[in-house]
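With PDB, C-alpha atoms and all ligand atoms inside, this is start17.pdb:
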```pdb
MODEL        1
ATOM      1  CA  MET F   1     -11.668  99.504 145.766
ATOM      2  CA  SER F   2     -14.030  98.184 143.080
ATOM      3  CA  GLU F   3     -13.812  99.612 139.579
ATOM      4  CA  THR F   4     -16.680 101.853 138.396
ATOM      5  CA  PHE F   5     -17.845 101.789 134.802
ATOM      6  CA  ASN F   6     -20.017 103.859 132.491
ATOM      7  CA  LEU F   7     -22.547 102.298 130.179
ATOM      8  CA  TYR F   8     -23.529 104.296 127.089
ATOM      9  CA  LEU F   9     -27.082 103.610 125.995
ATOM     10  CA  PHE F  10     -27.754 104.201 122.304
ATOM     11  CA  LYS F  11     -31.174 103.651 120.818
ATOM     12  CA  SER F  12     -30.309 104.712 117.306
ATOM     13  CA  GLU F  13     -27.607 104.279 114.730
ATOM     14  CA  LYS F  14     -27.295 108.087 114.637
ATOM     15  CA  GLN F  15     -25.889 107.968 118.179
ATOM     16  CA  LEU F  16     -24.024 104.682 117.859
ATOM     17  CA  THR F  17     -22.092 105.270 114.638
ATOM     18  CA  PRO F  18     -20.260 108.534 115.503
ATOM     19  CA  PHE F  19     -19.284 107.122 118.890
ATOM     20  CA  LEU F  20     -17.839 103.947 117.363
ATOM     21  CA  HIS F  21     -16.155 105.794 114.466
ATOM     22  CA  LYS F  22     -14.298 107.983 116.936
ATOM     23  CA  GLU F  23     -13.112 104.963 118.915
ATOM     24  CA  LYS F  24     -12.068 103.094 115.763
ATOM     25  CA  LYS F  25     -10.125 106.129 114.532
ATOM     26  CA  GLU F  26      -8.153 105.946 117.762
ATOM     27  CA  GLY F  27      -7.315 102.329 116.944
ATOM     28  CA  LYS F  28      -9.641 100.798 119.521
ATOM     29  CA  LYS F  29     -10.655  97.185 119.074
ATOM     30  CA  ILE F  30     -14.429  96.613 119.113
ATOM     31  CA  GLY F  31     -16.022  93.444 120.490
ATOM     32  CA  PHE F  32     -19.704  92.762 119.865
ATOM     33  CA  VAL F  33     -22.174  90.580 121.787
ATOM     34  CA  PRO F  34     -25.623  90.422 120.144
ATOM     35  CA  THR F  35     -28.411  89.263 122.493
ATOM     36  CA  MET F  36     -32.148  89.250 122.952
ATOM     37  CA  GLY F  37     -31.838  90.435 126.537
ATOM     38  CA  ALA F  38     -33.143  88.823 129.748
ATOM     39  CA  LEU F  39     -29.472  88.564 130.485
ATOM     40  CA  HIS F  40     -27.940  85.888 132.683
ATOM     41  CA  ARG F  41     -24.422  84.722 133.502
ATOM     42  CA  GLY F  42     -24.137  83.022 130.115
ATOM     43  CA  HIS F  43     -24.495  86.358 128.318
ATOM     44  CA  ILE F  44     -22.257  88.064 130.848
ATOM     45  CA  SER F  45     -19.505  85.493 130.220
ATOM     46  CA  LEU F  46     -19.422  86.704 126.606
ATOM     47  CA  ILE F  47     -19.217  90.338 127.727
ATOM     48  CA  GLU F  48     -16.394  89.460 130.118
ATOM     49  CA  LYS F  49     -14.488  87.558 127.435
ATOM     50  CA  ALA F  50     -14.893  90.475 125.035
ATOM     51  CA  LYS F  51     -13.692  92.835 127.719
ATOM     52  CA  THR F  52     -10.441  90.948 128.175
ATOM     53  CA  GLU F  53      -9.742  91.018 124.427
ATOM     54  CA  CYS F  54     -11.186  94.336 123.216
ATOM     55  CA  ASP F  55     -11.112  98.019 124.159
ATOM     56  CA  ILE F  56     -14.813  98.638 123.558
ATOM     57  CA  VAL F  57     -17.577  96.106 124.192
ATOM     58  CA  VAL F  58     -20.919  96.630 122.472
ATOM     59  CA  CYS F  59     -23.900  94.556 123.544
ATOM     60  CA  SER F  60     -27.141  94.739 121.596
ATOM     61  CA  ILE F  61     -30.531  93.808 122.969
ATOM     62  CA  PHE F  62     -33.122  93.209 120.305
ATOM     63  CA  VAL F  63     -35.895  90.645 120.558
ATOM     64  CA  ASN F  64     -35.873  89.781 116.892
ATOM     65  CA  PRO F  65     -39.386  88.934 115.685
ATOM     66  CA  THR F  66     -38.178  87.286 112.479
ATOM     67  CA  GLN F  67     -36.430  84.457 114.293
ATOM     68  CA  PHE F  68     -39.527  83.422 116.237
ATOM     69  CA  ASN F  69     -41.643  80.888 114.444
ATOM     70  CA  ASN F  70     -44.088  80.800 117.340
ATOM     71  CA  ALA F  71     -46.048  83.994 118.130
ATOM     72  CA  LYS F  72     -46.687  82.884 121.746
ATOM     73  CA  ASP F  73     -42.954  82.379 122.339
ATOM     74  CA  LEU F  74     -42.246  85.908 121.050
ATOM     75  CA  GLU F  75     -44.981  87.392 123.190
ATOM     76  CA  LYS F  76     -43.794  85.537 126.306
ATOM     77  CA  TYR F  77     -40.119  86.338 125.800
ATOM     78  CA  PRO F  78     -38.923  88.101 128.995
ATOM     79  CA  ARG F  79     -37.852  91.771 128.677
ATOM     80  CA  PRO F  80     -36.393  92.936 132.024
ATOM     81  CA  ILE F  81     -34.474  95.857 130.530
ATOM     82  CA  GLU F  82     -33.558  97.660 133.756
ATOM     83  CA  HIS F  83     -32.091  94.522 135.271
ATOM     84  CA  ASP F  84     -30.200  93.890 132.021
ATOM     85  CA  MET F  85     -28.682  97.374 132.172
ATOM     86  CA  GLU F  86     -27.552  96.824 135.748
ATOM     87  CA  MET F  87     -25.877  93.571 134.737
ATOM     88  CA  LEU F  88     -24.127  95.184 131.775
ATOM     89  CA  LEU F  89     -22.948  98.069 133.915
ATOM     90  CA  ALA F  90     -21.559  95.711 136.564
ATOM     91  CA  ALA F  91     -19.813  93.633 133.879
ATOM     92  CA  GLY F  92     -18.082  96.698 132.443
ATOM     93  CA  CYS F  93     -19.815  96.655 129.052
ATOM     94  CA  THR F  94     -19.147  99.932 127.211
ATOM     95  CA  VAL F  95     -22.211 100.345 124.992
ATOM     96  CA  LEU F  96     -25.738  98.994 125.047
ATOM     97  CA  TYR F  97     -27.324  99.269 121.634
ATOM     98  CA  LEU F  98     -31.076  99.018 122.096
ATOM     99  CA  PRO F  99     -32.553  99.650 118.662
ATOM    100  CA  PHE F 100     -36.183 100.206 117.836
ATOM    101  CA  SER F 101     -37.605  97.605 115.506
ATOM    102  CA  SER F 102     -37.960 100.265 112.773
ATOM    103  CA  GLU F 103     -34.192 100.788 112.808
ATOM    104  CA  ILE F 104     -33.467  97.115 112.142
ATOM    105  CA  TYR F 105     -36.407  96.625 109.801
ATOM    106  CA  PRO F 106     -37.011 100.023 108.161
ATOM    107  CA  GLU F 107     -39.094  98.249 105.518
ATOM    108  CA  GLY F 108     -41.804  97.789 108.156
ATOM    109  CA  LYS F 109     -42.828  94.256 107.419
ATOM    110  CA  PRO F 110     -39.349  92.772 107.090
ATOM    111  CA  LEU F 111     -38.277  91.631 103.678
ATOM    112  CA  LEU F 112     -35.749  88.982 104.550
ATOM    113  CA  LYS F 113     -32.837  88.203 102.322
ATOM    114  CA  GLU F 114     -32.900  84.479 101.593
ATOM    115  CA  TYR F 115     -29.486  83.025 102.437
ATOM    116  CA  ASP F 116     -28.407  79.746 100.924
ATOM    117  CA  LEU F 117     -27.129  78.169 104.109
ATOM    118  CA  GLY F 118     -27.220  74.632 102.723
ATOM    119  CA  TYR F 119     -27.510  71.546 104.934
ATOM    120  CA  ILE F 120     -27.284  73.421 108.268
ATOM    121  CA  ASP F 121     -30.542  75.194 107.444
ATOM    122  CA  LYS F 122     -32.377  71.900 106.992
ATOM    123  CA  VAL F 123     -31.607  69.828 110.069
ATOM    124  CA  LEU F 124     -31.887  69.867 113.890
ATOM    125  CA  GLU F 125     -33.123  73.341 114.941
ATOM    126  CA  ALA F 126     -33.923  74.267 111.352
ATOM    127  CA  ALA F 127     -36.160  71.214 110.903
ATOM    128  CA  PHE F 128     -38.231  72.119 113.958
ATOM    129  CA  ARG F 129     -38.152  75.917 113.595
ATOM    130  CA  PRO F 130     -38.732  76.703 109.923
ATOM    131  CA  GLY F 131     -37.402  80.130 108.963
ATOM    132  CA  HIS F 132     -35.630  80.595 112.296
ATOM    133  CA  PHE F 133     -32.096  80.707 110.911
ATOM    134  CA  GLN F 134     -33.053  82.990 108.027
ATOM    135  CA  GLY F 135     -34.302  85.414 110.698
ATOM    136  CA  VAL F 136     -31.076  84.986 112.691
ATOM    137  CA  ALA F 137     -28.838  85.469 109.633
ATOM    138  CA  ASN F 138     -30.739  88.590 108.580
ATOM    139  CA  VAL F 139     -30.740  90.280 111.971
ATOM    140  CA  VAL F 140     -27.075  89.511 112.691
ATOM    141  CA  PHE F 141     -26.147  90.851 109.243
ATOM    142  CA  ARG F 142     -28.034  94.088 109.942
ATOM    143  CA  LEU F 143     -26.480  94.445 113.392
ATOM    144  CA  LEU F 144     -22.970  93.729 112.103
ATOM    145  CA  LYS F 145     -23.374  96.422 109.445
ATOM    146  CA  LYS F 146     -24.199  98.949 112.177
ATOM    147  CA  VAL F 147     -21.556  97.967 114.723
ATOM    148  CA  GLU F 148     -18.745  96.823 112.372
ATOM    149  CA  PRO F 149     -16.907  95.009 115.170
ATOM    150  CA  ASP F 150     -13.491  93.386 115.028
ATOM    151  CA  VAL F 151     -14.679  90.363 116.997
ATOM    152  CA  LEU F 152     -18.125  88.797 117.334
ATOM    153  CA  TYR F 153     -18.733  86.787 120.521
ATOM    154  CA  LEU F 154     -21.200  83.895 120.305
ATOM    155  CA  GLY F 155     -22.165  81.210 122.810
ATOM    156  CA  ARG F 156     -21.883  77.503 122.031
ATOM    157  CA  LYS F 157     -25.250  77.089 123.760
ATOM    158  CA  ASP F 158     -26.616  77.873 120.279
ATOM    159  CA  PHE F 159     -24.198  75.568 118.528
ATOM    160  CA  GLN F 160     -25.914  75.442 115.147
ATOM    161  CA  GLN F 161     -26.475  79.201 115.190
ATOM    162  CA  ILE F 162     -22.701  79.746 115.192
ATOM    163  CA  GLN F 163     -22.415  77.686 112.000
ATOM    164  CA  VAL F 164     -25.262  79.693 110.450
ATOM    165  CA  ILE F 165     -23.669  83.037 111.320
ATOM    166  CA  ARG F 166     -20.270  81.814 110.118
ATOM    167  CA  LYS F 167     -21.827  80.913 106.767
ATOM    168  CA  MET F 168     -23.690  84.240 106.461
ATOM    169  CA  ILE F 169     -20.449  86.123 107.225
ATOM    170  CA  GLU F 170     -18.673  84.104 104.541
ATOM    171  CA  ILE F 171     -21.450  84.838 102.007
ATOM    172  CA  GLU F 172     -21.491  88.558 102.876
ATOM    173  CA  LYS F 173     -17.656  88.704 103.084
ATOM    174  CA  ILE F 174     -17.734  90.567 106.392
ATOM    175  CA  PRO F 175     -14.269  91.066 107.924
ATOM    176  CA  VAL F 176     -15.002  89.943 111.479
ATOM    177  CA  LEU F 177     -13.545  87.263 113.692
ATOM    178  CA  ILE F 178     -15.883  84.847 115.471
ATOM    179  CA  GLU F 179     -15.122  83.766 119.033
ATOM    180  CA  SER F 180     -17.235  80.854 120.193
ATOM    181  CA  CYS F 181     -17.601  80.720 123.967
ATOM    182  CA  GLU F 182     -18.335  77.902 126.377
ATOM    183  CA  ILE F 183     -21.808  77.153 127.741
ATOM    184  CA  VAL F 184     -22.424  78.552 131.221
ATOM    185  CA  ARG F 185     -24.528  76.254 133.392
ATOM    186  CA  GLU F 186     -26.456  76.331 136.641
ATOM    187  CA  ALA F 187     -24.999  74.302 139.528
ATOM    188  CA  SER F 188     -27.375  71.489 138.497
ATOM    189  CA  GLY F 189     -25.843  71.436 135.015
ATOM    190  CA  LEU F 190     -28.870  73.070 133.356
ATOM    191  CA  ALA F 191     -27.647  75.318 130.543
ATOM    192  CA  MET F 192     -28.496  78.928 131.368
ATOM    193  CA  SER F 193     -31.194  80.331 129.136
ATOM    194  CA  SER F 194     -33.485  83.346 129.196
ATOM    195  CA  ARG F 195     -36.378  80.900 128.879
ATOM    196  CA  ASN F 196     -35.486  79.100 132.144
ATOM    197  CA  VAL F 197     -37.392  81.721 134.155
ATOM    198  CA  ARG F 198     -40.583  80.309 132.656
ATOM    199  CA  LEU F 199     -39.974  76.888 134.216
ATOM    200  CA  SER F 200     -41.811  75.928 137.409
ATOM    201  CA  GLU F 201     -39.577  74.820 140.276
ATOM    202  CA  GLU F 202     -40.385  71.192 139.542
ATOM    203  CA  ALA F 203     -39.739  71.564 135.832
ATOM    204  CA  TRP F 204     -36.461  73.380 136.581
ATOM    205  CA  ASN F 205     -35.326  70.353 138.607
ATOM    206  CA  ASN F 206     -36.500  67.953 135.917
ATOM    207  CA  ALA F 207     -34.661  69.972 133.268
ATOM    208  CA  SER F 208     -31.308  69.172 134.850
ATOM    209  CA  VAL F 209     -31.759  65.643 133.437
ATOM    210  CA  ILE F 210     -30.992  67.123 129.994
ATOM    211  CA  SER F 211     -27.358  67.949 130.740
ATOM    212  CA  GLN F 212     -26.988  64.918 133.021
ATOM    213  CA  THR F 213     -28.007  62.730 130.077
ATOM    214  CA  LEU F 214     -25.633  64.478 127.683
ATOM    215  CA  PHE F 215     -22.717  64.224 130.124
ATOM    216  CA  PHE F 216     -23.535  60.559 130.791
ATOM    217  CA  LEU F 217     -23.508  59.788 127.051
ATOM    218  CA  VAL F 218     -20.171  61.509 126.567
ATOM    219  CA  GLU F 219     -18.572  59.843 129.564
ATOM    220  CA  LYS F 220     -19.803  56.350 128.658
ATOM    221  CA  ARG F 221     -19.503  56.713 124.896
ATOM    222  CA  ASN F 222     -16.914  53.973 124.560
ATOM    223  CA  GLU F 223     -19.070  51.497 126.468
ATOM    224  CA  PHE F 224     -21.880  51.507 123.894
ATOM    225  CA  ASN F 225     -21.758  49.071 120.945
ATOM    226  CA  SER F 226     -22.597  51.817 118.530
ATOM    227  CA  ILE F 227     -23.735  55.426 118.287
ATOM    228  CA  LYS F 228     -27.173  54.025 117.503
ATOM    229  CA  THR F 229     -27.420  52.339 120.922
ATOM    230  CA  LEU F 230     -25.939  55.414 122.624
ATOM    231  CA  ARG F 231     -28.596  57.566 120.982
ATOM    232  CA  THR F 232     -31.363  55.130 121.937
ATOM    233  CA  GLU F 233     -30.260  55.257 125.583
ATOM    234  CA  GLY F 234     -30.181  59.078 125.495
ATOM    235  CA  ILE F 235     -33.642  59.267 123.949
ATOM    236  CA  LYS F 236     -34.994  56.841 126.576
ATOM    237  CA  ARG F 237     -33.642  58.992 129.420
ATOM    238  CA  LEU F 238     -34.908  62.271 127.979
ATOM    239  CA  LYS F 239     -38.348  60.888 127.158
ATOM    240  CA  ALA F 240     -38.649  59.785 130.796
ATOM    241  CA  ILE F 241     -38.603  63.441 131.974
ATOM    242  CA  PRO F 242     -42.115  64.264 133.236
ATOM    243  CA  ASP F 243     -44.213  66.639 131.136
ATOM    244  CA  SER F 244     -41.708  66.608 128.299
ATOM    245  CA  ILE F 245     -41.750  66.286 124.521
ATOM    246  CA  LEU F 246     -38.431  65.398 122.941
ATOM    247  CA  GLU F 247     -37.786  66.961 119.539
ATOM    248  CA  TYR F 248     -34.377  65.495 118.757
ATOM    249  CA  LEU F 249     -31.220  63.992 120.145
ATOM    250  CA  GLU F 250     -28.507  63.622 117.541
ATOM    251  CA  VAL F 251     -24.829  62.773 117.462
ATOM    252  CA  CYS F 252     -23.133  64.804 114.751
ATOM    253  CA  ASP F 253     -19.861  65.887 113.255
ATOM    254  CA  ALA F 254     -19.182  69.218 114.992
ATOM    255  CA  GLU F 255     -18.195  70.930 111.754
ATOM    256  CA  THR F 256     -20.762  69.695 109.265
ATOM    257  CA  LEU F 257     -23.556  68.755 111.691
ATOM    258  CA  ARG F 258     -24.069  65.556 109.694
ATOM    259  CA  PRO F 259     -24.966  62.533 111.834
ATOM    260  CA  ILE F 260     -22.027  60.244 112.532
ATOM    261  CA  GLU F 261     -21.897  56.486 112.957
ATOM    262  CA  ILE F 262     -18.587  56.283 114.803
ATOM    263  CA  PHE F 263     -16.449  58.609 116.877
ATOM    264  CA  ILE F 264     -13.167  59.339 115.105
ATOM    265  CA  GLU F 265     -10.205  60.493 117.143
ATOM    266  CA  GLY F 266      -9.147  64.013 116.321
ATOM    267  CA  LYS F 267     -12.517  64.792 114.698
ATOM    268  CA  PRO F 268     -14.712  66.864 117.015
ATOM    269  CA  SER F 269     -18.288  65.684 117.393
ATOM    270  CA  VAL F 270     -21.279  67.049 119.231
ATOM    271  CA  ILE F 271     -24.405  65.640 120.851
ATOM    272  CA  LEU F 272     -27.321  68.043 120.490
ATOM    273  CA  THR F 273     -30.835  68.008 121.832
ATOM    274  CA  ALA F 274     -34.033  70.044 121.916
ATOM    275  CA  ILE F 275     -36.833  69.217 124.296
ATOM    276  CA  TRP F 276     -40.010  70.842 125.605
ATOM    277  CA  ILE F 277     -40.408  70.689 129.368
ATOM    278  CA  ASP F 278     -43.463  72.163 131.041
ATOM    279  CA  GLY F 279     -44.264  74.009 127.805
ATOM    280  CA  VAL F 280     -40.816  75.593 127.536
ATOM    281  CA  ARG F 281     -38.483  74.674 124.681
ATOM    282  CA  LEU F 282     -34.913  74.039 125.842
ATOM    283  CA  ILE F 283     -31.790  73.237 123.843
ATOM    284  CA  ASP F 284     -28.423  71.926 124.974
ATOM    285  CA  ASN F 285     -25.340  70.233 123.550
ATOM    286  CA  VAL F 286     -21.960  68.845 124.513
ATOM    287  CA  LEU F 287     -18.917  69.068 122.345
ATOM    288  CA  ILE F 288     -16.584  66.074 122.198
ATOM    289  CA  SER F 289     -13.219  67.406 121.103
TER
HETATM  290  P1  LIG X 301     -29.785  85.098 123.151
HETATM  291  O1  LIG X 301     -30.040  86.276 124.015
HETATM  292  O2  LIG X 301     -30.464  83.853 123.615
HETATM  293  O3  LIG X 301     -30.020  85.391 121.691
HETATM  294  O4  LIG X 301     -28.224  84.781 123.271
HETATM  295  C1  LIG X 301     -27.257  85.755 122.992
HETATM  296  C2  LIG X 301     -25.899  85.100 122.993
HETATM  297  O5  LIG X 301     -25.638  84.544 124.285
HETATM  298  C3  LIG X 301     -25.796  83.930 121.992
HETATM  299  O6  LIG X 301     -24.522  83.954 121.379
HETATM  300  C4  LIG X 301     -25.959  82.724 122.885
HETATM  301  O7  LIG X 301     -25.374  81.552 122.386
HETATM  302  C5  LIG X 301     -25.256  83.186 124.146
HETATM  303  N1  LIG X 301     -25.702  82.394 125.296
HETATM  304  C6  LIG X 301     -26.974  82.166 125.697
HETATM  305  N2  LIG X 301     -26.999  81.337 126.749
HETATM  306  C7  LIG X 301     -25.706  81.022 127.030
HETATM  307  C8  LIG X 301     -25.072  80.187 127.993
HETATM  308  N3  LIG X 301     -25.768  79.500 128.890
HETATM  309  N4  LIG X 301     -23.719  80.107 127.983
HETATM  310  C9  LIG X 301     -23.004  80.800 127.050
HETATM  311  N5  LIG X 301     -23.535  81.588 126.113
HETATM  312  C10 LIG X 301     -24.878  81.697 126.096
ENDMDL
END
```

This structure in structure tokens:
Amino acid sequence: MSETFNLYLFKSEKQLTPFLHKEKKEGKKIGFVPTMGALHRGHISLIEKAKTECDIVVCSIFVNPTQFNNAKDLEKYPRPIEHDMEMLLAAGCTVLYLPFSSEIYPEGKPLLKEYDLGYIDKVLEAAFRPGHFQGVANVVFRLLKKVEPDVLYLGRKDFQQIQVIRKMIEIEKIPVLIESCEIVREASGLAMSSRNVRLSEEAWNNASVISQTLFFLVEKRNEFNSIKTLRTEGIKRLKAIPDSILEYLEVCDAETLRPIEIFIEGKPSVILTAIWIDGVRLIDNVLIS
């Protein structure tokens, strides 16, 4: 017999807080998965991980305007809320927190706190999406204050975002553990993303070259003379994708996100890329442990 679950839907802090306080008083461990909805198996993998480690799993869906630096992207962001709720219910999520914008930004026009995130707020995603990480840091701070979880579950799909949130949590001295979770991919290797639904069938097929390129570079990394030649080969392959505009392909230290010139054993590195295909911006990365 399959298990049946309940999903509590809270649209305001007034409903959420008493529920969570009661659970915390009983010693329950709270896991939190913040999302922007349009859920797919990548999001659900975080919910499932949280479920194995926590008593209560809270998922938030909030399409955060302050992290979009492109009005069209915000407008086109998919919002299939009923489907999302079905997925959360099936995954055994306990609470869906679906706040109104006014609850997250009671100031109306959001006054963002300016975090000094240092180097990670200058490179890669930050260089191409000015203000994006300030928006991310602010919204995650506000959500964490409302949920006060024991563990925060984040996907490595947004590799740099994890570093940003880690830094914000350090600055704000928030007592929460971060669990970074593996990237979930389509059978073709394409990293799952809410934006993938905007790809045409042809572009979807072409987009699988992104992960194929990253995997190729990792597998053959010792056959290149240098990281420079490895990067050049990667750029060549990605630029060959039809109807694409490559933003970056970089090989970095996985902790500092500074570019590296050689792979050092025992020091994790990461190859990261962002590319537009068919007018859709996609990001992906592979971690070399
Ligand atoms: P988003 O809804 O895009 O803001 O993502 C919410 C959370 O899900 C973030 O921590 C993402 O890194 C994570 N996530 C998104 N896509 C994937 C994926 N393909 N695999 C694993 N985690 C993911």

Selected by the PyMOL selection byres (((not hetatm)) within 6 of (chain X and resi 301)) in the shown coordinates: which residues, as a PDB file with C-alpha atoms, in the coordinates of the input?
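Wrote it out as expr.pdb, contents follow:
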```pdb
ATOM      1  CA  PRO F  34     -25.623  90.422 120.144  1.00  0.00           C
ATOM      2  CA  THR F  35     -28.411  89.263 122.493  1.00  0.00           C
ATOM      3  CA  MET F  36     -32.148  89.250 122.952  1.00  0.00           C
ATOM      4  CA  GLY F  37     -31.838  90.435 126.537  1.00  0.00           C
ATOM      5  CA  GLY F  42     -24.137  83.022 130.115  1.00  0.00           C
ATOM      6  CA  HIS F  43     -24.495  86.358 128.318  1.00  0.00           C
ATOM      7  CA  LEU F 154     -21.200  83.895 120.305  1.00  0.00           C
ATOM      8  CA  GLY F 155     -22.165  81.210 122.810  1.00  0.00           C
ATOM      9  CA  ARG F 156     -21.883  77.503 122.031  1.00  0.00           C
ATOM     10  CA  LYS F 157     -25.250  77.089 123.760  1.00  0.00           C
ATOM     11  CA  ASP F 158     -26.616  77.873 120.279  1.00  0.00           C
ATOM     12  CA  GLU F 182     -18.335  77.902 126.377  1.00  0.00           C
ATOM     13  CA  ILE F 183     -21.808  77.153 127.741  1.00  0.00           C
ATOM     14  CA  VAL F 184     -22.424  78.552 131.221  1.00  0.00           C
ATOM     15  CA  ARG F 185     -24.528  76.254 133.392  1.00  0.00           C
ATOM     16  CA  ALA F 191     -27.647  75.318 130.543  1.00  0.00           C
ATOM     17  CA  MET F 192     -28.496  78.928 131.368  1.00  0.00           C
ATOM     18  CA  SER F 193     -31.194  80.331 129.136  1.00  0.00           C
TER      19      SER F 193
END
```

Output of the PyMOL selection byres (((chain F and resi 77) around 12) and not hetatm), listed as a PyMOL selection string: chain F and resi 36-39+62-65+68+70-76+78-80+193-198+280-281

Selected residue, from F:Asp55, F:Glu125, F:Glu261, F:Asp116, that lies nearest to Leu282 of chain F when counting only C-alpha atoms: F:Glu125

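Using only C-alpha atoms, the shortest contact distance between Ser289 of chain F and any of F:Val218, F:Lys239, F:Ser226, F:Ile120 is found at F:Val218.
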
Residues in the PyMOL selection byres (((chain F and resi 274) around 8) and not hetatm), expressed as an MDAnalysis selection string: chainID F and resid 125 246:249 272:273 275:276 281:284

Local residues around (-24.0, 94.2, 105.2), at most 8 Å away, using all atoms listed in the file, as number ranges by chain: F: 141-142, 144-145, 172, 174

Quick one: residues within 12 Å of segment 264-269 of chain F, only C-alpha atoms counted, chain neighbours fewer than 2 positions away excluded, as a PDB file with C-alpha atoms, in the frame of the given file?
```pdb
ATOM      1  CA  PHE F 159     -24.198  75.568 118.528  1.00  0.00           C
ATOM      2  CA  VAL F 218     -20.171  61.509 126.567  1.00  0.00           C
ATOM      3  CA  ARG F 221     -19.503  56.713 124.896  1.00  0.00           C
ATOM      4  CA  ASN F 222     -16.914  53.973 124.560  1.00  0.00           C
ATOM      5  CA  ILE F 227     -23.735  55.426 118.287  1.00  0.00           C
ATOM      6  CA  GLU F 250     -28.507  63.622 117.541  1.00  0.00           C
ATOM      7  CA  VAL F 251     -24.829  62.773 117.462  1.00  0.00           C
ATOM      8  CA  CYS F 252     -23.133  64.804 114.751  1.00  0.00           C
ATOM      9  CA  ASP F 253     -19.861  65.887 113.255  1.00  0.00           C
ATOM     10  CA  ALA F 254     -19.182  69.218 114.992  1.00  0.00           C
ATOM     11  CA  GLU F 255     -18.195  70.930 111.754  1.00  0.00           C
ATOM     12  CA  THR F 256     -20.762  69.695 109.265  1.00  0.00           C
ATOM     13  CA  LEU F 257     -23.556  68.755 111.691  1.00  0.00           C
ATOM     14  CA  ARG F 258     -24.069  65.556 109.694  1.00  0.00           C
ATOM     15  CA  PRO F 259     -24.966  62.533 111.834  1.00  0.00           C
ATOM     16  CA  ILE F 260     -22.027  60.244 112.532  1.00  0.00           C
ATOM     17  CA  GLU F 261     -21.897  56.486 112.957  1.00  0.00           C
ATOM     18  CA  ILE F 262     -18.587  56.283 114.803  1.00  0.00           C
ATOM     19  CA  ILE F 271     -24.405  65.640 120.851  1.00  0.00           C
ATOM     20  CA  LEU F 272     -27.321  68.043 120.490  1.00  0.00           C
ATOM     21  CA  ASN F 285     -25.340  70.233 123.550  1.00  0.00           C
ATOM     22  CA  VAL F 286     -21.960  68.845 124.513  1.00  0.00           C
ATOM     23  CA  LEU F 287     -18.917  69.068 122.345  1.00  0.00           C
ATOM     24  CA  ILE F 288     -16.584  66.074 122.198  1.00  0.00           C
ATOM     25  CA  SER F 289     -13.219  67.406 121.103  1.00  0.00           C
TER      26      SER F 289
END
```

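We find atom CA of Pro175 of chain F and atom CA of Glu148 of chain F to be spaced 8.5 Å apart.
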
Quick one: residues within 10 Å of Gly92 of chain F, all atoms listed in the file counted, chain neighbours fewer than 4 positions away excluded, as an mmCIF file with C-alpha atoms, keeping the file's coordinate frame?
```cif
data_model
loop_
_atom_site.group_PDB
_atom_site.id
_atom_site.type_symbol
_atom_site.label_atom_id
_atom_site.label_comp_id
_atom_site.auth_asym_id
_atom_site.auth_seq_id
_atom_site.Cartn_x
_atom_site.Cartn_y
_atom_site.Cartn_z
ATOM 1 C CA GLU F 3 -13.812 99.612 139.579
ATOM 2 C CA THR F 4 -16.680 101.853 138.396
ATOM 3 C CA PHE F 5 -17.845 101.789 134.802
ATOM 4 C CA ASN F 6 -20.017 103.859 132.491
ATOM 5 C CA LEU F 7 -22.547 102.298 130.179
ATOM 6 C CA ILE F 44 -22.257 88.064 130.848
ATOM 7 C CA ILE F 47 -19.217 90.338 127.727
ATOM 8 C CA GLU F 48 -16.394 89.460 130.118
ATOM 9 C CA LYS F 51 -13.692 92.835 127.719
ATOM 10 C CA ILE F 56 -14.813 98.638 123.558
ATOM 11 C CA VAL F 57 -17.577 96.106 124.192
ATOM 12 C CA MET F 87 -25.877 93.571 134.737
ATOM 13 C CA LEU F 88 -24.127 95.184 131.775
#
```

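Among the candidate residues F:Glu233, F:Asp150, F:Glu219, F:Glu82, the one lying nearest to Gly31 of chain F is F:Asp150, with distances computed using all atoms listed in the file.
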
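A cut-off of 10 Å from the point (-28.6, 66.3, 131.3), with only C-alpha atoms, picks out the residues Ser188, Gly189, Leu190, Ala191, Asn206, Ala207, Ser208, Val209, Ile210, Ser211, Gln212, Thr213, Leu214, Phe215, Phe216, Leu217, Gly234, Arg237, Leu238, Thr273, Asp284, Asn285 and Val286 of chain F.
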
Proximity to Arg166 of chain F - best of F:Leu46, F:Ala137, F:Val147, F:Leu16, only C-alpha atoms: F:Ala137

Coordinates-based distance that separates atom CA of Asn69 of chain F from atom CA of Gln160 of chain F (Å, one decimal): 16.7 Å
